[in-house]
Amino acid sequence: MPGLTIKRTAESALKIDPKNARKHGRRNLDAIAGSLKRFGQRAPLVVRPDGTVIGGNATLQCMRELGMVEVDVVEFDGTDQEAAALALSLNRAAELAAWNDEQLAETLAGLDRDLALAAGWLEDELRKTILDFQPATLEQPRLDKIDGEQETYVKCPECGHEFPRT
């Protein structure tokens with residue numbers, strides 16, 4: 001298989017796939033737009049030779065909403081069935097993954113609030129994830145970076161897990 005050739009193209013030359021099986025709610029679109037605003041485009045859209053997007057339809061929608069006029073794409077010139085299968089695969093693969101809750105909590109606790117929000121997390125999700133899954137071996141969560149509150153913990157005498165005092 002040949003390597004990827006990424007090229008810059010006008011967003012106006014691209015078409016949202018009318019057969020896209022994936023739906024994108026406002027929350028999802030806001031997360032994508034937040035990432036684009038903070039980090040810019042960091043992965044190319046996957047397109048057919050005619051400009052139909054098979055990977056990145058929601059990203060293209062957000063790019064248009066943000067006024068981006070040029071985007072990076074990689075062209076896929078397989079059959080229509082291969083393109084349909086690739087489109088499903090690109091979406092399904094991420095859906096099948098699971099979070100490592102402890103690592104997620106540690107990573108979120110180490111991020112500045114604005115970066116965590118740009119990564120698609122809401123304020124209440126940050127707080128809950130950090131408090132629910134932060135291992136006792138880590139320092140006190142940086143909740144002051146999230147909402148200004150400090151939590152105290154109660155340690156379970158049986159398992160040693162620390163729970164936030166309510």
# chains A, B, ... in the order shown; residues from 1 in each chain; ligands from 1
>>> residues_around(residues="region 94-101 of chain A", least_positions_apart="5", cutoff="9 Å", atoms="only C-alpha atoms", output="ChimeraX atom specification")
/A:89,106,129,132-134
>>> residues_around(residues="Arg8 (chain A)", least_positions_apart="3", cutoff="9 Å", atoms="only C-alpha atoms", output="list in words")
Glu70, Val71, Asp72, Val73 and Val74 of chain A
>>> write_last_selection(atoms="N, CA and C atoms", output="PDB file, in the first residue's frame")
ATOM      1  N   GLU A  70      -9.402  26.470   3.870  1.00  0.00           N
ATOM      2  CA  GLU A  70      -8.534  25.426   3.336  1.00  0.00           C
ATOM      3  C   GLU A  70      -8.343  24.362   4.396  1.00  0.00           C
ATOM      4  N   VAL A  71      -8.364  23.095   3.947  1.00  0.00           N
ATOM      5  CA  VAL A  71      -8.226  21.979   4.883  1.00  0.00           C
ATOM      6  C   VAL A  71      -7.289  20.941   4.285  1.00  0.00           C
ATOM      7  N   ASP A  72      -6.734  20.128   5.147  1.00  0.00           N
ATOM      8  CA  ASP A  72      -5.872  19.036   4.708  1.00  0.00           C
ATOM      9  C   ASP A  72      -6.713  17.787   4.508  1.00  0.00           C
ATOM     10  N   VAL A  73      -6.457  17.097   3.396  1.00  0.00           N
ATOM     11  CA  VAL A  73      -7.189  15.877   3.079  1.00  0.00           C
ATOM     12  C   VAL A  73      -6.222  14.804   2.606  1.00  0.00           C
ATOM     13  N   VAL A  74      -6.672  13.580   2.726  1.00  0.00           N
ATOM     14  CA  VAL A  74      -6.002  12.443   2.109  1.00  0.00           C
ATOM     15  C   VAL A  74      -7.074  11.743   1.281  1.00  0.00           C
TER      16      VAL A  74
END
>>> closest_residue(among="A:Ala83, A:Val47, A:Leu88, A:Val69", to="Ile16 (chain A)", atoms="only C-alpha atoms")
A:Val47
>>> select_by_dssp(residues="region 34-127 of chain A", states="strand (DSSP E or B)", output="PyMOL selection string")
chain A and resi 45-47+52-55+70-75
>>> residues_around(residues="Pro44 (chain A)", least_positions_apart="4", cutoff="12 Å", atoms="only C-alpha atoms", output="PyMOL selection string")
chain A and resi 4-9+40+53-57+59-60+70-76
>>> atom_distance(atom1="CA of Gly3 (chain A)", atom2="CA of Met63 (chain A)")
25.5 Å
>>> closest_residue(among="A:Glu82, A:Glu102, A:Asp17, A:Asp30", to="Leu122 (chain A)", atoms="only C-alpha atoms")
A:Asp30
>>> atom_distance(atom1="CA of Ala119 (chain A)", atom2="CA of Gly34 (chain A)")
7.2 Å
>>> closest_residue(among="A:Lys37, A:Arg48, A:Arg27, A:Arg22", to="Trp121 (chain A)", atoms="only C-alpha atoms")
A:Arg27
>>> select_by_dssp(residues="region 10-154 of chain A", states="helix (DSSP H, G or I)", output="PyMOL selection string")
chain A and resi 11-13+26-39+57-65+80-95+101-110+113-118+123-133+143-145
>>> closest_residue(among="A:Ala84, A:Leu117, A:Ala109, A:Ala13", to="Ile32 (chain A)", atoms="only C-alpha atoms")
A:Leu117
